[in-house]
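Participant: Handing you this structure, nothing more for now.
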Protein chains: 2
Amino acid sequence: MPLASLRPSPLVEQATERMRAQITEGEWPVGTRLPGENALAKTLGVGRSTVREALRALAGAGLVQARQGSGVFVIATEPAQDWPGRLRRAAITDVYEVRMIVETQAARLAAERRTEEDVAALTAALAGRERAAAGDDAAFVDADIALHAALVAAARNPVLSDLFAEFAPALRERLIDLVELLGLREHERNPGHDTHAALVAAVREGDKDAAEDILRTELEQTLAHLHRPRP
Amino acid sequence: MPLASLRPSPLVEQATERMRAQITEGEWPVGTRLPGENALAKTLGVGRSTVREALRALAGAGLVQARQGSGVFVIATEPAQDWPGRLRRAAITDVYEVRMIVETQAARLAAERRTEEDVAALTAALAGRERAAAGDDAAFVDADIALHAALVAAARNPVLSDLFAEFAPALRERLIDLVELLGLREHERNPGHDTHAALVAAVREGDKDAAEDILRTELEQTLAHLHRPRP
DNA sequence: ACAACACAGGTCCTCAGACAAGCTGAGAGG
DNA sequence: CCTCTCAGCTTGTCTGAGGACCTGTGTTGT
């Protein structure tokens with residue numbers, strides 16, 4: 001079965017994912033010698049160089065190891081807890097859904113537990129987001145993420161903060177693409193400002209339900225954009 | 001400066017290590033656009049395909065990302081951070097709180113999206129938990145976690161499943177301690193059975209609110225034990 | 001003067017072919 | 001039975017050729 005004739009992504013990545021799946025799903029257990037490069041090229045329907053690059057990608061991830069003259073061998077079935085990589089490969093809608101779960105509940109906790117310093121940090125971050133509205137898309141997304149990070153920090157749970165930090169890079173990348181693609185900031189330089197101000201206010205006032213609702217509504221709007229990126 | 005003319009190791013690996021060093025040592029910070037393939041081939045003294053394979057290896061390790069027509073960009077300076085270790089060092093109450101957030105919301109999604117296979121898996125896991133009630137504490141905790149994993153899987157979000165899988169080992173360790181410490185199973189061999197059965201039923205019926213409430217109540221009880229482990 | 005368009009050059013992506021280097025197992029020879 | 005040679009496989013490396021894509025530049029139209 002050859003790879004999809006139309007190419008939604010580079011052939012190398014498709015080949016890499018196919019073989020990665022065969023490894024993680026146990027079809028090629030640890031110790032297996034993979035078929036030869038020519039054989040893989042034939043079954044995958046791509047050129048030999050493409051196969052070689054895909055194998056290098058797997059080797060870089062620590063899944064396989066090539067031995068000249070002997071073959072390519074599976075040396076691990078998991079990419080060593082590679083969360084950033086997994087997030088980068090995952091569907092953006094799945095990532096965003098988890099972000100919604102984590103952040104809406106973090107907002108509840110933040111409204112319960114926020115200290116004066118948290119409120120100060122949130123206010124500063126909100127001002128930073130307003131300032132960044134004058135800058136380019138990347139700067140604006142950074143400021144937006146900083147505000148959300150401050151919100152999660154106010155929940156006063158280090159594990160939660162670490163979790164959000166793990167998501168941030170993947171989020172940043174995709175959000176910048178999204179903002180550019182949709183031209184979200186063409187008519188309004190500072191989209192979502194009122195919502196975010198209301199969110200900060202709700203946390204300051206300790207209104208759990210309001211904080212959760214405001215944030216959920218805001219995030220659901222973006223998620224809706226992700227489901228149909230072409231306006 | 002070309003690579004060593006005599007080759008103690010494949011040129012690809014030498015090239016990979018050279019470039020990896022330039023990234024980790026800060027010579028190419030995050031965001032840098034690497035020189036073109038031809039330029040790299042010249043400076044490294046190797047062929048273009050060798051450079052391409054080396055870049056693939058770095059991409060597989062999550063250090064760089066290629067964008068067609070634009071260039072190859074540095075996206076990270078370290079392969080990954082040690083999440084399992086961080087979780088093990090974190091306070092159990094913080095870990096458990098995040099677990100609650102993730103799992104209660106997963107229960108909502110599961111009630112929405114569960115397929116027939118999911119329901120079958122949940123039922124099987126519930127039966128397994130009942131069976132494990134005859135075994136020792138470790139086996140019982142394993143069966144309990146398997147049931148919760150099946151619940152998260154029914155939410156049909158791979159990122160969420162991965163996230164729970166990340167928490168599972170840390171959870172298992174602490175829960176076994178907890179069960180032994182409190183002697184939870186001295187008077188009742190199968191604590192929480194009714195609750196879990198009700199949870200599975202709620203998911204089967206698609207009752208989002210019930211699923212969330214049942215699970216939250218259950219988890220809050222355990223969390224309360226964690227706050228004062230000495231009875 | 002300003003905005004929209006067309007284009008050229010650079011980039012990565014893919015393939016095919018060729019040869020070199022290294023391992024492995026079958027067979028010849030002792 | 002053991003050892004050695006070697007043919008045939010494997011991966012490693014390079015080259016040349018297009019194709020697809022992005023970006024900045026210059027042109028054109030208003």
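Naming works like this for the structure tokens: A, B, ... for the chains as they're shown, residue 1 at the start of each chain, ligands 1 onward in shown order.
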Just the residues within 12 Å of DA28 of chain C, please, counting only C-alpha atoms (C1' of nucleotides), with nothing from its chain fewer than 2 positions along; format it as a list in words.
Facilitator: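 The residues that qualify are DA26 and DG30 of chain C; DT3, DC4, DT5 and DC6 of chain D.
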Participant: Taking 6 positions as the minimum chain separation for residues in the same chain, which residues sit within 12 Å of Ala224 of chain A when counting only C-alpha atoms (C1' of nucleotides)? Answer as a PyMOL selection string.
Facilitator: chain A and resi 92-93+96-97+178+216-218+230-231
Participant: Which RMSD value, in Å, describes how well chain B fits onto chain A when all C-alpha atoms are paired in order and fitted by least squares?
Facilitator: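 Computed on C-alpha atoms only, the RMSD stands at 12.0 Å.
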Participant: With only C-alpha atoms (C1' of nucleotides) as the counted atoms, please give the residues lying no more than 6 Å from segment 18-30 of chain D, apart from itself and same-chain residues fewer than 5 positions off, as a list in words.
Facilitator: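 Skipping anything fewer than 5 positions along the chain leaves Gln68, Gly69 and Ser70 of chain B.
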Participant: Using only C-alpha atoms (C1' of nucleotides), find which residues of chain A lie within 10 Å of chain C and jot them down as a list in words.
Facilitator: Pro10, Leu11, Val12, Val46, Gly47, Arg48, Ser49, Thr50, Arg67, Gln68, Gly69, Ser70 and Gly71 of chain A
Participant: If you measure from atom CA of Lys208 of chain A to atom CA of Arg108 of chain A, what distance in Å do you get, rounded to one decimal?
Facilitator: 4.6 Å
Participant: Identify every residue of chain B that has at least one atom within 9 Å of any atom of chain A, counting only C-alpha atoms, and report the result as a PyMOL selection string.
Facilitator: chain B and resi 10+49+52-62+68+79-84+86-87+90-91+94-95+97-98+101-102+105-106+157-160+162+166
Participant: Among segment 46-177 of chain A, which ones does DSSP assign to strand (DSSP E or B) (computed from the backbone)? Answer as a PyMOL selection string.
Facilitator: chain A and resi 64-67+71-74
Participant: Would you save the residues from that selection as a PDB file, in the first residue's frame, using C-alpha atoms?
Facilitator:
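Okay, this is what ended up in result.pdb:
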```pdb
ATOM      1  CA  VAL A  64      16.287   2.513  15.879  1.00  0.00           C
ATOM      2  CA  GLN A  65      19.988   2.095  15.231  1.00  0.00           C
ATOM      3  CA  ALA A  66      21.679   1.417  11.902  1.00  0.00           C
ATOM      4  CA  ARG A  67      24.643  -0.901  11.612  1.00  0.00           C
ATOM      5  CA  GLY A  71      20.805  -3.701   8.951  1.00  0.00           C
ATOM      6  CA  VAL A  72      18.620  -1.333  10.971  1.00  0.00           C
ATOM      7  CA  PHE A  73      17.493  -2.568  14.364  1.00  0.00           C
ATOM      8  CA  VAL A  74      14.759  -1.521  16.767  1.00  0.00           C
TER       9      VAL A  74
END
```
Participant: Enumerate the residues of segment 140-199 of chain A with a DSSP assignment of alpha helix (DSSP H), computed from the backbone, and present them as a VMD selection string.
Facilitator: chain A and resid 140 to 154 158 to 182 193 to 199
Participant: Check every residue of chain D for an atom within 12 Å of chain A, counting only C-alpha atoms (C1' of nucleotides), and provide those that qualify as a list in words.
Facilitator: DG8, DC9, DT10, DT11, DG12, DT13, DA20 and DC21 of chain D
Participant: Contacts of Ala139 of chain B at 10 Å or less, counting only C-alpha atoms (C1' of nucleotides), minus same-chain residues fewer than 6 places along, as an NGL selection string?
Facilitator: :B and (129 or 131-133 or 145 or 176)
Participant: Write to file, as a PDB file, in the first residue's frame, the residues of the selection just made, with N, CA and C atoms.
Facilitator:
```pdb
ATOM      1  N   ARG B 129     -11.463  -5.185  38.037  1.00  0.00           N
ATOM      2  CA  ARG B 129     -11.274  -4.569  39.352  1.00  0.00           C
ATOM      3  C   ARG B 129     -11.935  -5.428  40.434  1.00  0.00           C
ATOM      4  N   ARG B 131     -12.478  -8.661  40.225  1.00  0.00           N
ATOM      5  CA  ARG B 131     -11.672  -9.861  40.361  1.00  0.00           C
ATOM      6  C   ARG B 131     -10.440  -9.600  41.214  1.00  0.00           C
ATOM      7  N   ALA B 132      -9.813  -8.432  40.977  1.00  0.00           N
ATOM      8  CA  ALA B 132      -8.570  -8.124  41.681  1.00  0.00           C
ATOM      9  C   ALA B 132      -8.806  -7.886  43.169  1.00  0.00           C
ATOM     10  N   ALA B 133     -10.057  -7.730  43.557  1.00  0.00           N
ATOM     11  CA  ALA B 133     -10.352  -7.511  44.974  1.00  0.00           C
ATOM     12  C   ALA B 133      -9.878  -8.684  45.816  1.00  0.00           C
ATOM     13  N   ILE B 145      -6.412   1.425  38.417  1.00  0.00           N
ATOM     14  CA  ILE B 145      -5.837   2.369  37.459  1.00  0.00           C
ATOM     15  C   ILE B 145      -6.217   1.973  36.040  1.00  0.00           C
ATOM     16  N   ILE B 176      -0.642   2.684  46.281  1.00  0.00           N
ATOM     17  CA  ILE B 176      -0.353   1.435  46.990  1.00  0.00           C
ATOM     18  C   ILE B 176       0.037   1.735  48.431  1.00  0.00           C
TER      19      ILE B 176
END
```
